[in-house]
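K.L.:
Structure supplied as run-v4.cif; contents: mmCIF, C-alpha atoms and all ligand atoms.
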```
data_query
loop_
_atom_site.label_atom_id
_atom_site.label_comp_id
_atom_site.auth_asym_id
_atom_site.auth_seq_id
_atom_site.Cartn_x
_atom_site.Cartn_y
_atom_site.Cartn_z
CA MET O 12 -17.44 -5.26 22.15
CA LEU O 13 -16.21 -6.44 18.75
CA TYR O 14 -14.74 -3.56 16.74
CA GLY O 15 -13.91 -3.44 13.05
CA VAL O 16 -10.67 -1.43 12.91
CA PHE O 17 -9.48 0.13 9.66
CA SER O 18 -7.41 2.98 8.27
CA ASP O 19 -5.96 4.68 5.18
CA ILE O 20 -8.82 4.16 2.75
CA HIS O 21 -7.52 6.80 0.35
CA SER O 22 -10.66 7.15 -1.77
CA ASN O 23 -10.66 3.46 -2.70
CA CYS O 24 -14.35 2.63 -2.68
CA GLU O 25 -14.04 -0.99 -3.88
CA ALA O 26 -11.64 -1.86 -1.04
CA LEU O 27 -13.74 0.00 1.55
CA GLU O 28 -16.94 -1.80 0.55
CA ARG O 29 -15.16 -5.18 0.72
CA VAL O 30 -13.83 -4.43 4.22
CA LEU O 31 -17.19 -3.23 5.56
CA GLU O 32 -18.91 -6.28 4.08
CA PHE O 33 -16.41 -8.48 5.93
CA PHE O 34 -16.92 -6.59 9.24
CA LYS O 35 -20.67 -7.08 8.94
CA SER O 36 -20.30 -10.83 8.30
CA ALA O 37 -17.88 -11.10 11.26
CA GLY O 38 -20.46 -9.52 13.59
CA ALA O 39 -18.64 -6.23 14.29
CA GLN O 40 -20.69 -4.08 16.70
CA ALA O 41 -18.79 -0.80 16.23
CA TYR O 42 -16.06 0.66 14.05
CA LEU O 43 -12.76 2.49 14.60
CA CYS O 44 -11.10 4.37 11.73
CA CYS O 45 -7.62 5.89 11.97
CA GLY O 46 -7.86 8.42 9.15
CA ASP O 47 -6.66 9.22 5.60
CA LEU O 48 -10.08 8.75 4.10
CA VAL O 49 -9.18 10.56 0.87
CA GLY O 50 -6.13 11.29 -1.29
CA TYR O 51 -4.49 9.10 -3.99
CA GLY O 52 -7.67 7.30 -5.10
CA PRO O 53 -10.57 8.09 -7.46
CA ASN O 54 -13.70 8.06 -5.21
CA PRO O 55 -13.41 10.60 -2.37
CA ASN O 56 -17.11 11.58 -2.22
CA GLU O 57 -18.34 7.99 -2.45
CA CYS O 58 -16.05 6.84 0.37
CA LEU O 59 -17.02 9.79 2.59
CA GLU O 60 -20.71 9.16 2.01
CA ILE O 61 -20.30 5.53 3.11
CA LEU O 62 -18.41 6.59 6.24
CA ARG O 63 -20.86 9.41 7.09
CA ASN O 64 -23.65 6.85 7.10
CA LEU O 65 -21.84 4.11 9.01
CA PRO O 66 -23.43 3.77 12.47
CA ARG O 67 -21.28 3.48 15.62
CA LEU O 68 -18.17 4.74 13.85
CA SER O 69 -15.44 6.56 15.80
CA ILE O 70 -13.08 8.24 13.37
CA VAL O 71 -10.10 10.60 13.14
CA CYS O 72 -8.69 12.46 10.15
CA GLY O 73 -5.23 12.02 8.63
CA ASN O 74 -2.77 14.33 6.93
CA HIS O 75 -4.35 13.76 3.49
CA ASP O 76 -7.79 14.67 4.86
CA LEU O 77 -6.41 17.82 6.45
CA ALA O 78 -4.66 18.81 3.20
CA ALA O 79 -7.74 18.06 1.09
CA ALA O 80 -9.86 20.25 3.39
CA GLY O 81 -7.33 23.10 3.24
CA ARG O 82 -6.31 22.60 6.90
CA MET O 83 -2.70 21.56 6.16
CA ASP O 84 -0.15 22.74 3.60
CA PRO O 85 0.59 19.78 1.27
CA GLY O 86 3.93 21.40 0.35
CA TRP O 87 5.93 18.58 1.92
CA PHE O 88 3.90 15.79 0.25
CA ASN O 89 5.57 13.92 -2.62
CA ALA O 90 4.59 14.98 -6.14
CA TYR O 91 2.05 12.14 -6.64
CA ALA O 92 0.32 12.89 -3.35
CA ARG O 93 0.25 16.66 -4.09
CA GLU O 94 -1.29 16.09 -7.50
CA ALA O 95 -3.92 13.78 -6.01
CA ILE O 96 -4.72 16.32 -3.28
CA SER O 97 -5.33 19.13 -5.75
CA TRP O 98 -7.54 16.78 -7.83
CA THR O 99 -9.42 15.75 -4.66
CA ARG O 100 -9.98 19.39 -3.62
CA GLN O 101 -11.72 20.06 -6.94
CA GLU O 102 -13.86 16.93 -6.57
CA LEU O 103 -15.06 17.29 -2.98
CA SER O 104 -18.76 18.06 -2.55
CA PRO O 105 -19.82 20.62 0.10
CA GLU O 106 -21.04 17.72 2.31
CA SER O 107 -17.69 15.92 1.96
CA LEU O 108 -15.76 19.08 2.79
CA ARG O 109 -17.94 19.72 5.83
CA TYR O 110 -17.41 16.18 7.05
CA LEU O 111 -13.60 16.32 6.60
CA SER O 112 -13.51 19.70 8.34
CA SER O 113 -15.32 18.27 11.38
CA LEU O 114 -12.74 15.55 12.14
CA ARG O 115 -9.76 15.76 14.51
CA PRO O 116 -6.55 13.71 14.18
CA ARG O 117 -6.81 12.26 17.71
CA LEU O 118 -9.76 10.92 19.67
CA ASP O 119 -9.65 9.68 23.27
CA GLY O 120 -12.39 7.09 23.76
CA PRO O 121 -13.79 5.10 26.69
CA GLU O 122 -11.70 1.97 26.08
CA TRP O 123 -9.28 2.99 23.34
CA THR O 124 -7.46 5.98 21.84
CA LEU O 125 -7.31 6.76 18.12
CA ALA O 126 -4.59 8.77 16.37
CA HIS O 127 -3.64 8.91 12.72
CA GLY O 128 0.09 9.21 13.47
CA THR O 129 1.47 9.31 17.01
CA PRO O 130 -0.25 10.64 20.15
CA ARG O 131 2.40 13.38 20.26
CA LYS O 132 1.89 14.52 16.65
CA PRO O 133 -1.33 12.78 15.59
CA ALA O 134 -1.70 14.43 12.20
CA ASP O 135 1.49 13.38 10.48
CA GLU O 136 4.20 11.62 12.55
CA TYR O 137 4.78 7.99 11.54
CA PHE O 138 4.58 5.53 14.46
CA LEU O 139 7.44 3.20 13.60
CA SER O 140 9.74 2.70 16.61
CA THR O 141 9.83 1.22 20.09
CA LEU O 142 11.22 4.57 21.28
CA GLN O 143 7.97 6.23 20.16
CA TYR O 144 6.07 3.51 22.01
CA LYS O 145 7.93 4.28 25.22
CA GLN O 146 7.33 8.02 24.73
CA SER O 147 3.62 7.35 24.20
CA LEU O 148 3.16 5.61 27.55
CA GLY O 149 2.72 8.95 29.33
CA LEU O 150 0.63 10.52 26.58
CA VAL O 151 -2.30 8.09 26.37
CA LYS O 152 -4.91 7.52 29.08
CA THR O 153 -7.04 4.75 27.56
CA TRP O 154 -5.40 1.76 25.89
CA PRO O 155 -4.99 0.28 23.38
CA LEU O 156 -3.95 3.00 20.97
CA PHE O 157 -4.93 2.46 17.34
CA VAL O 158 -2.93 4.30 14.67
CA GLY O 159 -2.63 4.41 10.87
CA HIS O 160 -0.44 6.43 8.48
CA SER O 161 2.34 3.88 7.75
CA HIS O 162 -0.01 1.60 5.74
CA MET O 163 1.52 -1.46 7.46
CA PRO O 164 -0.10 -3.81 10.02
CA LEU O 165 2.02 -3.37 13.15
CA CYS O 166 1.96 -3.97 16.88
CA PHE O 167 3.97 -2.36 19.69
CA LYS O 168 3.72 -3.60 23.25
CA SER O 169 5.65 -4.28 26.43
CA ALA O 170 7.34 -7.70 26.68
CA PRO O 171 7.22 -9.66 29.97
CA ASP O 172 10.71 -8.36 30.82
CA GLY O 173 9.42 -4.79 30.52
CA GLU O 174 11.20 -4.03 27.23
CA ALA O 175 9.22 -2.58 24.33
CA GLU O 176 8.75 -4.81 21.29
CA MET O 177 7.53 -4.18 17.77
CA SER O 178 6.18 -6.73 15.30
CA MET O 179 4.76 -6.79 11.76
CA LEU O 180 1.45 -8.61 11.83
CA GLU O 181 0.66 -11.44 9.43
CA GLU O 182 -2.77 -12.32 8.09
CA GLY O 183 -4.77 -14.19 10.73
CA GLN O 184 -2.21 -13.55 13.47
CA GLU O 185 -3.89 -12.77 16.79
CA VAL O 186 -2.22 -10.59 19.43
CA ARG O 187 -3.57 -10.59 22.98
CA LEU O 188 -3.22 -7.82 25.55
CA ALA O 189 -1.47 -8.81 28.78
CA ARG O 190 -4.62 -7.68 30.62
CA ARG O 191 -7.65 -5.49 29.96
CA GLY O 192 -6.54 -1.89 29.33
CA ALA O 193 -2.85 -2.85 29.04
CA ALA O 194 -0.68 -0.57 26.90
CA ALA O 195 -0.34 -1.63 23.26
CA VAL O 196 -0.35 0.10 19.89
CA PHE O 197 -2.02 -1.52 16.89
CA ASN O 198 -1.97 -0.45 13.26
CA PRO O 199 -4.64 -2.23 11.15
CA GLY O 200 -2.71 -1.60 7.91
CA SER O 201 -4.29 0.15 4.93
CA VAL O 202 -7.66 -0.54 3.32
CA GLY O 203 -7.04 1.25 0.05
CA GLN O 204 -3.27 1.37 -0.51
CA PRO O 205 -1.33 -1.37 1.37
CA ARG O 206 2.44 -0.94 1.35
CA ASP O 207 3.63 -4.27 2.73
CA HIS O 208 3.87 -5.97 -0.69
CA ASP O 209 0.45 -7.59 -0.30
CA PRO O 210 -2.08 -5.81 -2.56
CA ARG O 211 -5.13 -7.12 -0.69
CA ALA O 212 -7.11 -4.70 1.49
CA CYS O 213 -5.98 -4.84 5.12
CA CYS O 214 -8.10 -4.37 8.26
CA ALA O 215 -8.48 -5.89 11.74
CA LEU O 216 -10.93 -7.08 14.38
CA TYR O 217 -10.47 -5.94 17.98
CA ASP O 218 -12.37 -7.78 20.72
CA SER O 219 -12.24 -5.52 23.78
CA SER O 220 -13.55 -8.25 26.12
CA ALA O 221 -10.87 -10.77 25.12
CA GLY O 222 -8.27 -8.04 24.50
CA SER O 223 -7.43 -9.60 21.15
CA PHE O 224 -6.46 -7.98 17.84
CA ARG O 225 -6.43 -9.92 14.55
CA VAL O 226 -5.38 -8.75 11.10
CA VAL O 227 -7.47 -9.74 8.07
CA ARG O 228 -6.61 -9.51 4.35
CA LEU O 229 -9.30 -9.30 1.68
CA SER O 230 -9.10 -9.47 -2.12
CA TYR O 231 -11.02 -6.85 -4.07
CA ASP O 232 -11.26 -5.62 -7.66
CA VAL O 233 -7.93 -3.79 -7.99
CA ALA O 234 -8.27 -3.51 -11.79
CA ALA O 235 -11.54 -1.57 -11.45
CA VAL O 236 -9.88 1.01 -9.19
CA GLN O 237 -6.86 1.26 -11.50
CA ALA O 238 -9.18 1.95 -14.45
CA LYS O 239 -10.89 4.75 -12.51
CA ILE O 240 -7.54 6.28 -11.50
CA ARG O 241 -6.49 6.35 -15.18
CA ARG O 242 -9.86 7.77 -16.31
CA ALA O 243 -9.57 10.54 -13.70
CA GLY O 244 -6.14 11.49 -15.04
CA LEU O 245 -4.43 10.84 -11.71
CA PRO O 246 -0.72 9.82 -11.85
CA GLU O 247 -0.12 6.38 -13.42
CA PHE O 248 2.09 5.38 -10.49
CA LEU O 249 -0.93 5.55 -8.18
CA ALA O 250 -2.65 2.90 -10.33
CA GLN O 251 0.43 0.67 -10.61
CA ARG O 252 1.26 0.64 -6.91
CA LEU O 253 -2.14 -0.87 -6.01
CA GLU O 254 -1.34 -4.17 -7.72
CA LEU O 255 2.11 -4.28 -6.12
CA GLY O 256 1.04 -3.40 -2.59
CA ARG O 257 3.68 -0.75 -2.13
FE FE O 301 -2.22 7.26 4.41
#
```
As structure tokens, how would this structure be written, given the file I've shared?
P.N.:
Amino acid sequence: MLYGVFSDIHSNCEALERVLEFFKSAGAQAYLCCGDLVGYGPNPNECLEILRNLPRLSIVCGNHDLAAAGRMDPGWFNAYAREAISWTRQELSPESLRYLSSLRPRLDGPEWTLAHGTPRKPADEYFLSTLQYKQSLGLVKTWPLFVGHSHMPLCFKSAPDGEAEMSMLEEGQEVRLARRGAAAVFNPGSVGQPRDHDPRACCALYDSSAGSFRVVRLSYDVAAVQAKIRRAGLPEFLAQRLELGR
């Protein structure tokens, strides 16, 4: 099965449409989404409508989705994120709110596991260390594990000597599992707000038969999204960071 894997859309409709268009042209048969559908960006309802109507999508929610749906206190969010969450709450349609309320932050599938953060704390713990990888080995039944939240394309896996290794993934770089169902953690980066100094939308293709994961970068109309952020009265920093990829 060829999966389109993506995460952290953050209400960026232009980037989402570009990524889904790419998945279609690449022949993706199903989709995996690691959460943070809304927050920061100007089109929460439009993005949620696209996702609600995407067939064969397996999806989890992230901390921004939980906060926007009133299921998590955004008190610990930074000021920009808090402001965007209160704006998003006012914007959400009843259908959008219902959809966000129906999602869980972890999903155990037939040949993969999805979590927004870590399997231990799927809603809001960043997966950033080989220690977390080792701790996850006993907490996940079906591998690989796909995560989001850090907005960076990453891979964690066991090296031939048994040690855990972590790597940042470059555009086009393909990582192969040691064998079908072998432990590995993949982060497809962020569709709508990359933070690895590359402003292009980030996503990945996972081929479960070959056990391969490949990161893809796609240009989209950043200026159009920035104009919408400014028109909506969202913080200027949220517009600026999109062109910097941070
Ligand atoms: Fe996020």
K.L.:
Sorted by chain and rising residue number, which residues of chain O lie within 12 Å of ligand FE 301 (chain O), and what are their closest atom pairs and distances in Å to one decimal, counting all atoms listed in the file, as a tab-separated table?
P.N.:
```
residue	atom	partner	partner_atom	distance
O:Phe17	CA	O:FE301	FE	11.5
O:Ser18	CA	O:FE301	FE	7.8
O:Asp19	CA	O:FE301	FE	4.6
O:Ile20	CA	O:FE301	FE	7.5
O:His21	CA	O:FE301	FE	6.7
O:Ser22	CA	O:FE301	FE	10.5
O:Asn23	CA	O:FE301	FE	11.7
O:Cys44	CA	O:FE301	FE	11.9
O:Cys45	CA	O:FE301	FE	9.4
O:Gly46	CA	O:FE301	FE	7.5
O:Asp47	CA	O:FE301	FE	5.0
O:Leu48	CA	O:FE301	FE	8.0
O:Val49	CA	O:FE301	FE	8.5
O:Gly50	CA	O:FE301	FE	8.0
O:Tyr51	CA	O:FE301	FE	8.9
O:Gly52	CA	O:FE301	FE	11.0
O:Cys72	CA	O:FE301	FE	10.1
O:Gly73	CA	O:FE301	FE	7.0
O:Asn74	CA	O:FE301	FE	7.5
O:His75	CA	O:FE301	FE	6.9
O:Asp76	CA	O:FE301	FE	9.3
O:Leu77	CA	O:FE301	FE	11.5
O:Ala78	CA	O:FE301	FE	11.9
O:Phe88	CA	O:FE301	FE	11.3
O:Ala92	CA	O:FE301	FE	9.9
O:His127	CA	O:FE301	FE	8.6
O:Gly128	CA	O:FE301	FE	9.6
O:Ala134	CA	O:FE301	FE	10.6
O:Asp135	CA	O:FE301	FE	9.4
O:Glu136	CA	O:FE301	FE	11.2
O:Tyr137	CA	O:FE301	FE	10.0
O:Val158	CA	O:FE301	FE	10.7
O:Gly159	CA	O:FE301	FE	7.1
O:His160	CA	O:FE301	FE	4.5
O:Ser161	CA	O:FE301	FE	6.6
O:His162	CA	O:FE301	FE	6.2
O:Met163	CA	O:FE301	FE	10.0
O:Asn198	CA	O:FE301	FE	11.7
O:Pro199	CA	O:FE301	FE	11.9
O:Gly200	CA	O:FE301	FE	9.5
O:Ser201	CA	O:FE301	FE	7.4
O:Val202	CA	O:FE301	FE	9.6
O:Gly203	CA	O:FE301	FE	8.9
O:Gln204	CA	O:FE301	FE	7.7
O:Pro205	CA	O:FE301	FE	9.2
O:Arg206	CA	O:FE301	FE	9.9
O:Arg257	CA	O:FE301	FE	11.9
```
K.L.:
Those residues with C-alpha atoms, as a PDB file, in the coordinates of the input please?
P.N.:
```
ATOM      1  CA  PHE O  17      -9.480   0.130   9.660  1.00  0.00           C
ATOM      2  CA  SER O  18      -7.410   2.980   8.270  1.00  0.00           C
ATOM      3  CA  ASP O  19      -5.960   4.680   5.180  1.00  0.00           C
ATOM      4  CA  ILE O  20      -8.820   4.160   2.750  1.00  0.00           C
ATOM      5  CA  HIS O  21      -7.520   6.800   0.350  1.00  0.00           C
ATOM      6  CA  SER O  22     -10.660   7.150  -1.770  1.00  0.00           C
ATOM      7  CA  ASN O  23     -10.660   3.460  -2.700  1.00  0.00           C
ATOM      8  CA  CYS O  44     -11.100   4.370  11.730  1.00  0.00           C
ATOM      9  CA  CYS O  45      -7.620   5.890  11.970  1.00  0.00           C
ATOM     10  CA  GLY O  46      -7.860   8.420   9.150  1.00  0.00           C
ATOM     11  CA  ASP O  47      -6.660   9.220   5.600  1.00  0.00           C
ATOM     12  CA  LEU O  48     -10.080   8.750   4.100  1.00  0.00           C
ATOM     13  CA  VAL O  49      -9.180  10.560   0.870  1.00  0.00           C
ATOM     14  CA  GLY O  50      -6.130  11.290  -1.290  1.00  0.00           C
ATOM     15  CA  TYR O  51      -4.490   9.100  -3.990  1.00  0.00           C
ATOM     16  CA  GLY O  52      -7.670   7.300  -5.100  1.00  0.00           C
ATOM     17  CA  CYS O  72      -8.690  12.460  10.150  1.00  0.00           C
ATOM     18  CA  GLY O  73      -5.230  12.020   8.630  1.00  0.00           C
ATOM     19  CA  ASN O  74      -2.770  14.330   6.930  1.00  0.00           C
ATOM     20  CA  HIS O  75      -4.350  13.760   3.490  1.00  0.00           C
ATOM     21  CA  ASP O  76      -7.790  14.670   4.860  1.00  0.00           C
ATOM     22  CA  LEU O  77      -6.410  17.820   6.450  1.00  0.00           C
ATOM     23  CA  ALA O  78      -4.660  18.810   3.200  1.00  0.00           C
ATOM     24  CA  PHE O  88       3.900  15.790   0.250  1.00  0.00           C
ATOM     25  CA  ALA O  92       0.320  12.890  -3.350  1.00  0.00           C
ATOM     26  CA  HIS O 127      -3.640   8.910  12.720  1.00  0.00           C
ATOM     27  CA  GLY O 128       0.090   9.210  13.470  1.00  0.00           C
ATOM     28  CA  ALA O 134      -1.700  14.430  12.200  1.00  0.00           C
ATOM     29  CA  ASP O 135       1.490  13.380  10.480  1.00  0.00           C
ATOM     30  CA  GLU O 136       4.200  11.620  12.550  1.00  0.00           C
ATOM     31  CA  TYR O 137       4.780   7.990  11.540  1.00  0.00           C
ATOM     32  CA  VAL O 158      -2.930   4.300  14.670  1.00  0.00           C
ATOM     33  CA  GLY O 159      -2.630   4.410  10.870  1.00  0.00           C
ATOM     34  CA  HIS O 160      -0.440   6.430   8.480  1.00  0.00           C
ATOM     35  CA  SER O 161       2.340   3.880   7.750  1.00  0.00           C
ATOM     36  CA  HIS O 162      -0.010   1.600   5.740  1.00  0.00           C
ATOM     37  CA  MET O 163       1.520  -1.460   7.460  1.00  0.00           C
ATOM     38  CA  ASN O 198      -1.970  -0.450  13.260  1.00  0.00           C
ATOM     39  CA  PRO O 199      -4.640  -2.230  11.150  1.00  0.00           C
ATOM     40  CA  GLY O 200      -2.710  -1.600   7.910  1.00  0.00           C
ATOM     41  CA  SER O 201      -4.290   0.150   4.930  1.00  0.00           C
ATOM     42  CA  VAL O 202      -7.660  -0.540   3.320  1.00  0.00           C
ATOM     43  CA  GLY O 203      -7.040   1.250   0.050  1.00  0.00           C
ATOM     44  CA  GLN O 204      -3.270   1.370  -0.510  1.00  0.00           C
ATOM     45  CA  PRO O 205      -1.330  -1.370   1.370  1.00  0.00           C
ATOM     46  CA  ARG O 206       2.440  -0.940   1.350  1.00  0.00           C
ATOM     47  CA  ARG O 257       3.680  -0.750  -2.130  1.00  0.00           C
TER      48      ARG O 257
END
```
K.L.:
For the atom pair CA of Pro116 (chain O) and CA of Val233 (chain O), what is the interatomic distance in Å to one decimal place?
P.N.:
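CA of Val233 (chain O) lies at a distance of 28.3 Å from CA of Pro116 (chain O).
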K.L.:
Rounded to one decimal in Å, what is the spacing between CA of Ala41 (chain O) and CA of Arg67 (chain O)?
P.N.:
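For CA of Ala41 (chain O) relative to CA of Arg67 (chain O), the distance reads 5.0 Å.
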K.L.:
Using all atoms listed in the file, can you tell me which of O:Leu114, O:Val196, O:Leu253, O:Ala243 comes closest to Val151 (chain O)?
P.N.:
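Smallest distance to Val151 (chain O) is found for O:Val196.
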K.L.:
Check the smallest atom-to-atom distance from each of O:Val226, O:Ala80, O:Leu125, O:Val16 to Glu106 (chain O) using all atoms listed in the file, then report the winner.
P.N.:
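Ranking O:Val226, O:Ala80, O:Leu125, O:Val16 by distance to Glu106 (chain O), first place goes to O:Ala80.
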K.L.:
Set the distance at 9 Å and use only C-alpha atoms: which residues neighbour Lys145 (chain O) once local chain neighbours fewer than 5 positions away are removed? I'd like the list as a compact mmCIF listing (two decimals) with C-alpha atoms, keeping the file's coordinate frame.
P.N.:
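Saved file out13.txt follows:
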```txt
# COMPACT_ATOMS: atom_id res chain seq x y z
CA SER O 140 9.74 2.70 16.61
CA SER O 169 5.65 -4.28 26.43
CA ALA O 175 9.22 -2.58 24.33
```
K.L.:
Please report the interatomic distance between CA of Lys35 (chain O) and CA of Leu59 (chain O) in Å with one decimal.
P.N.:
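Separating CA of Lys35 (chain O) from CA of Leu59 (chain O) is a distance of 18.4 Å.
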K.L.:
So, with all atoms listed in the file as the atoms that count, which of O:Asn89, O:Thr129, O:Gln40, O:Asn54 lies closest to Gln237 (chain O)?
P.N.:
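So, comparing all the options, the nearest one is O:Asn54.
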K.L.:
Neighbouring residues of Thr99 (chain O) were defined as those with any atom within 7 Å, considering all atoms listed in the file; residues of the same chain fewer than 2 positions away were excluded. Please report them as a list in words.
P.N.:
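These residues fall inside the cut-off: Gly50, Pro55, Ala79, Ala95, Ile96, Ser97, Gln101, Glu102 and Leu103 of chain O.
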K.L.:
Which polymer residues, whether protein, DNA or RNA, lie within 6 Å of the coordinate (0.9, -4.9, -3.0) when you count only C-alpha atoms? List them as a VMD selection string, using the chain letters and numbers from the file.
P.N.:
chain O and resid 208 to 210 253 to 257
K.L.:
Quick one: everything within 10 Å of Arg191 (chain O), counting all atoms listed in the file, minus sequence neighbours fewer than 3 positions away in the same chain. Send it as a list in words.
P.N.:
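Non-adjacent residues within range: Glu122, Trp154, Pro155, Arg187, Leu188, Ala194, Ser219, Ser220, Ala221, Gly222 and Ser223 of chain O.
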